[in-house]
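Visitor: Handing you a structure now.
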Amino acid sequence: MGHELCLELELPDSSVRFLVDVLLGLSEQDPTATLDLLVRLAVRKRLQEMSGTKGTLFDDVLGSVEAMVIGETFDQCDRVQTRTAALLGIDRNTLYKKLKIHQLLKSSGTTGPSSAAEPE
């Protein structure tokens, strides 16, 4: 996550460890503060990109936060959808749809779309 965030914010790689340490320190003291910081950074970045044009800021930020929470939870649950859905408090089918929307499912090595459901 640190490398991705540094790339998003256009920070040098040397900032990765510092950024991760700050976020981990915040999350130990107050998990809400960490989420607040990440949302604020996402809003600032999106506002800079918009530069006065009409956009979809609210949906963009919510989508980014949703993708982050689902992706991290999915990884922590060893990419098991049933466990991830239970931890998030959502239905497994809803989780599967959101994983597809946010492109968080890894392909199984096939080159074309598959009609079979993704394995757990």
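How things are named: the first chain in the structure tokens is A, the next is B, and so on; residues count from 1 in each chain; ligands count from 1 in the order shown.
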When DSSP works through the backbone of this structure, what residues of range 41-90 of chain A end up as helix (DSSP H, G or I), shown as number ranges by chain?
Guide: A: 41-50, 57-76, 81-88
Visitor: If we count only C-alpha atoms, what is near Ser64 in chain A at a cut-off of 10 Å, once residues fewer than 3 positions away on the same chain are taken out, given as a PDB file with N, CA and C atoms, in the first residue's frame?
Guide:
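File around_6.pdb, as written:
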```pdb
ATOM      1  N   LEU A  38      -6.393   9.600   4.798  1.00  0.00           N
ATOM      2  CA  LEU A  38      -6.429   9.047   3.453  1.00  0.00           C
ATOM      3  C   LEU A  38      -7.533   9.677   2.607  1.00  0.00           C
ATOM      4  N   VAL A  39      -8.694   9.893   3.200  1.00  0.00           N
ATOM      5  CA  VAL A  39      -9.795  10.523   2.461  1.00  0.00           C
ATOM      6  C   VAL A  39      -9.440  11.959   2.110  1.00  0.00           C
ATOM      7  N   ALA A  42      -7.082  11.937  -0.789  1.00  0.00           N
ATOM      8  CA  ALA A  42      -7.780  11.590  -2.027  1.00  0.00           C
ATOM      9  C   ALA A  42      -8.605  12.768  -2.545  1.00  0.00           C
ATOM     10  N   VAL A  43      -9.272  13.490  -1.642  1.00  0.00           N
ATOM     11  CA  VAL A  43     -10.072  14.656  -2.046  1.00  0.00           C
ATOM     12  C   VAL A  43      -9.171  15.748  -2.614  1.00  0.00           C
ATOM     13  N   ASP A  59     -18.429  10.583  -5.709  1.00  0.00           N
ATOM     14  CA  ASP A  59     -18.380   9.182  -6.123  1.00  0.00           C
ATOM     15  C   ASP A  59     -16.950   8.687  -6.283  1.00  0.00           C
ATOM     16  N   ASP A  60     -16.076   9.542  -6.808  1.00  0.00           N
ATOM     17  CA  ASP A  60     -14.675   9.150  -6.988  1.00  0.00           C
ATOM     18  C   ASP A  60     -14.012   8.832  -5.657  1.00  0.00           C
ATOM     19  N   VAL A  61     -14.213   9.695  -4.680  1.00  0.00           N
ATOM     20  CA  VAL A  61     -13.575   9.491  -3.376  1.00  0.00           C
ATOM     21  C   VAL A  61     -14.166   8.271  -2.677  1.00  0.00           C
ATOM     22  N   ALA A  67     -12.626   0.758  -2.575  1.00  0.00           N
ATOM     23  CA  ALA A  67     -11.655  -0.145  -3.198  1.00  0.00           C
ATOM     24  C   ALA A  67     -10.507  -0.447  -2.238  1.00  0.00           C
ATOM     25  N   MET A  68     -10.046   0.571  -1.526  1.00  0.00           N
ATOM     26  CA  MET A  68      -8.948   0.389  -0.583  1.00  0.00           C
ATOM     27  C   MET A  68      -9.363  -0.556   0.549  1.00  0.00           C
ATOM     28  N   VAL A  69     -10.521  -0.305   1.140  1.00  0.00           N
ATOM     29  CA  VAL A  69     -10.978  -1.122   2.271  1.00  0.00           C
ATOM     30  C   VAL A  69     -11.217  -2.561   1.832  1.00  0.00           C
ATOM     31  N   ILE A  70     -11.886  -2.742   0.713  1.00  0.00           N
ATOM     32  CA  ILE A  70     -12.162  -4.092   0.232  1.00  0.00           C
ATOM     33  C   ILE A  70     -10.866  -4.800  -0.152  1.00  0.00           C
ATOM     34  N   HIS A 102     -13.955  -2.996  -8.931  1.00  0.00           N
ATOM     35  CA  HIS A 102     -12.683  -2.357  -8.585  1.00  0.00           C
ATOM     36  C   HIS A 102     -11.473  -3.119  -9.139  1.00  0.00           C
TER      37      HIS A 102
END
```
Visitor: Ranking A:Gln29, A:Ala85, A:Asp78, A:Leu37 by minimum distance to Lys97 in chain A and counting only C-alpha atoms, which one comes first?
Guide: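 Of A:Gln29, A:Ala85, A:Asp78, A:Leu37, the one nearest Lys97 in chain A is A:Ala85, counting only C-alpha atoms.
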Visitor: I need the residue nearest Gln81 in chain A from this list: A:Leu104, A:Leu47, A:Leu19, A:Leu62. Use only C-alpha atoms for the distance.
Guide: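 Using only C-alpha atoms, Gln81 in chain A sits closest to A:Leu104.
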Visitor: Between CA of Phe58 in chain A and CA of Tyr96 in chain A, what is the distance in Å, rounded to a tenth?
Guide: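 So the answer is 22.9 Å.
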